[in-house]
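Novice: This is the structure I want to talk about, given as structure tokens.
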Amino acid sequence: MPVSRTRKPQKKSGRTPQRGGGRPSGGGRAPTRSADRRRPWAVVIAVLLVCALGAGVLAALGSAGGGGGGGGGDDASQEEFGDPALADVAHRDPDDPLAVGDVDAPVVLVEFLDFQCAYCGIHARETHPWLVDEYVDTGKVRIEFRNFPIYGPESDTAARAAWAAGRQDRFWEFYSAAMDEEFDMDSGRFSDEGVLALAEEAGVPDLDAFRRDLDSTAAGEAVGRDAEEALSAGVTQVPAFLANGAFVGSAQDQDAFRDVLDEAYEAATD
């Protein structure tokens, strides 16, 4: 059971989060040399994202006002539920440590997230526990997480750390620890030292193995596969959610999730 349901009470800072995690308020630590070594992959994601955005603009200009991918949109309540091609984004791997819920659940909700995104944090603290209570624990929905680190080196380190925690079956504990409170982007929270502290808080048993996995080629490849999958699905911002091939229109609105998930469940069980 994800520890996000037994998290500490959210600290109210009174700040209004900005899209994409906000800007640093100053005093943030510079990335470590290890983070600098990972920078090329973060740059690749940024370049690919720009290309995806450009392709999206061209598609929009060439269409008669068709719905956009990644941002969700209302899409006229999905006249034909979901996109069969996007439904393939769900893996249904029974050994996936970055997933929660019955592997045979009628609906798979795929979540694309950057740990530095403020709205991703709101989702993790407020909506994710509700989704687990309402849909995962009742066997209706399985949630599969995908890393999509688009905000630079600390985002990349956080994604690698989440994967490394999952190697020791502590992904959801890391997810909860990492998102448990508001923070400024590029603050050092996801430096090498920061993610090690979060891994310890999450109860990762072998921190030496965690360090090795964090810097491994396998970690970079896993994060890269997630990012490529996001871009192929048309995701251009975070958080983004796909339920059986249909985008959820809002990351903060429980009604938006309910509308899409209930429709997906009905379509899958008819």
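Residues are named by chain letter and number: chains run A, B, ... in the order of the structure tokens, numbers start at 1 in each chain, and ligands are numbered from 1 in the order shown.
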Neighbours of Pro149 of chain A within 9 Å (only C-alpha atoms; same-chain residues fewer than 4 positions away dropped), as JSON, numbers by chain?
Specialist: {"A": [42, 45, 113, 114, 115, 116, 153, 154, 155, 156, 157, 158, 159, 223, 227]}
Novice: Quick one: residues within 8 Å of Ala178 of chain A, only C-alpha atoms counted, chain neighbours fewer than 3 positions away excluded, as a ChimeraX atom specification?
Specialist: /A:115,174-175,181,198
Novice: Which residue, A:Gly188, A:Leu109, A:Asp270, A:Glu126, has the smallest gap to Gly82 of chain A when you use only C-alpha atoms?
Specialist: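 Ranked by minimum distance to Gly82 of chain A, first place goes to A:Leu109.
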Novice: Which one of A:Glu144, A:Arg92, A:Val248, A:Ala199 sits closest to Leu261 of chain A if you count only C-alpha atoms?
Specialist: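 Distance minimum relative to Leu261 of chain A lands on A:Val248.
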Novice: Do a neighbour search on segment 206-215 of chain A at 8 Å with only C-alpha atoms, toss out local chain neighbours closer than 3 positions, and write the hits as a list in words.
Specialist: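 My reading of the contact set: Ser34, Thr157, Arg160, Ala161, Trp163, Ala164, Ala165, Gln168, Leu196, Ala199, Glu200, Ala218 and Ala219 of chain A.
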Novice: Residues as selected, C-alpha atoms, written as a compact mmCIF listing (two decimals), in the first residue's frame, can you do that?
Specialist:
```
# COMPACT_ATOMS: atom_id res chain seq x y z
CA SER A 34 27.59 13.82 -10.67
CA THR A 157 18.66 13.03 -10.52
CA ARG A 160 17.11 8.24 -11.40
CA ALA A 161 16.69 8.15 -7.63
CA TRP A 163 14.04 4.29 -10.25
CA ALA A 164 16.84 3.27 -7.87
CA ALA A 165 14.43 3.23 -4.92
CA GLN A 168 14.54 -2.10 -3.66
CA LEU A 196 20.23 10.00 -0.58
CA ALA A 199 16.01 7.41 0.13
CA GLU A 200 16.90 7.00 3.79
CA ALA A 218 20.62 1.29 -16.43
CA ALA A 219 19.07 4.21 -14.54
```
Novice: Restricting the calculation to only C-alpha atoms, which member of A:Val100, A:Cys117, A:Leu86, A:Ile143 is positioned closest to Asp186 of chain A?
Specialist: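 Smallest separation from Asp186 of chain A among the options: A:Cys117.
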Novice: Tell me, which residues of segment 109-260 of chain A carry DSSP strand (DSSP E or B), written as a VMD selection string?
Specialist: chain A and resid 109 to 113 141 to 147 240 to 243 246 to 247
Novice: Would you mind exporting C-alpha atoms of the selected residues as an mmCIF file, in the first residue's frame?
Specialist:
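Printed below is again.cif as written:
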```cif
data_model
loop_
_atom_site.group_PDB
_atom_site.id
_atom_site.type_symbol
_atom_site.label_atom_id
_atom_site.label_comp_id
_atom_site.auth_asym_id
_atom_site.auth_seq_id
_atom_site.Cartn_x
_atom_site.Cartn_y
_atom_site.Cartn_z
ATOM 1 C CA LEU A 109 -3.876 5.197 -15.374
ATOM 2 C CA VAL A 110 -0.402 6.124 -16.631
ATOM 3 C CA GLU A 111 1.119 9.074 -14.784
ATOM 4 C CA PHE A 112 3.898 11.211 -16.316
ATOM 5 C CA LEU A 113 5.656 13.328 -13.694
ATOM 6 C CA VAL A 141 -7.680 1.040 -11.618
ATOM 7 C CA ARG A 142 -3.969 0.313 -11.742
ATOM 8 C CA ILE A 143 -1.570 3.288 -11.632
ATOM 9 C CA GLU A 144 1.687 3.096 -13.590
ATOM 10 C CA PHE A 145 4.276 5.808 -13.030
ATOM 11 C CA ARG A 146 6.587 7.209 -15.722
ATOM 12 C CA ASN A 147 9.482 9.600 -15.154
ATOM 13 C CA ALA A 240 -0.080 14.295 -17.502
ATOM 14 C CA PHE A 241 -2.346 11.275 -17.170
ATOM 15 C CA LEU A 242 -3.596 8.680 -19.656
ATOM 16 C CA ALA A 243 -6.450 6.346 -18.705
ATOM 17 C CA ALA A 246 -7.618 8.995 -22.897
ATOM 18 C CA PHE A 247 -6.001 12.078 -21.367
#
```
Novice: Just give me the gap between atom CA of Phe148 of chain A and atom CA of Glu263 of chain A in Å, one decimal is fine.
Specialist: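 So the answer is 26.4 Å.
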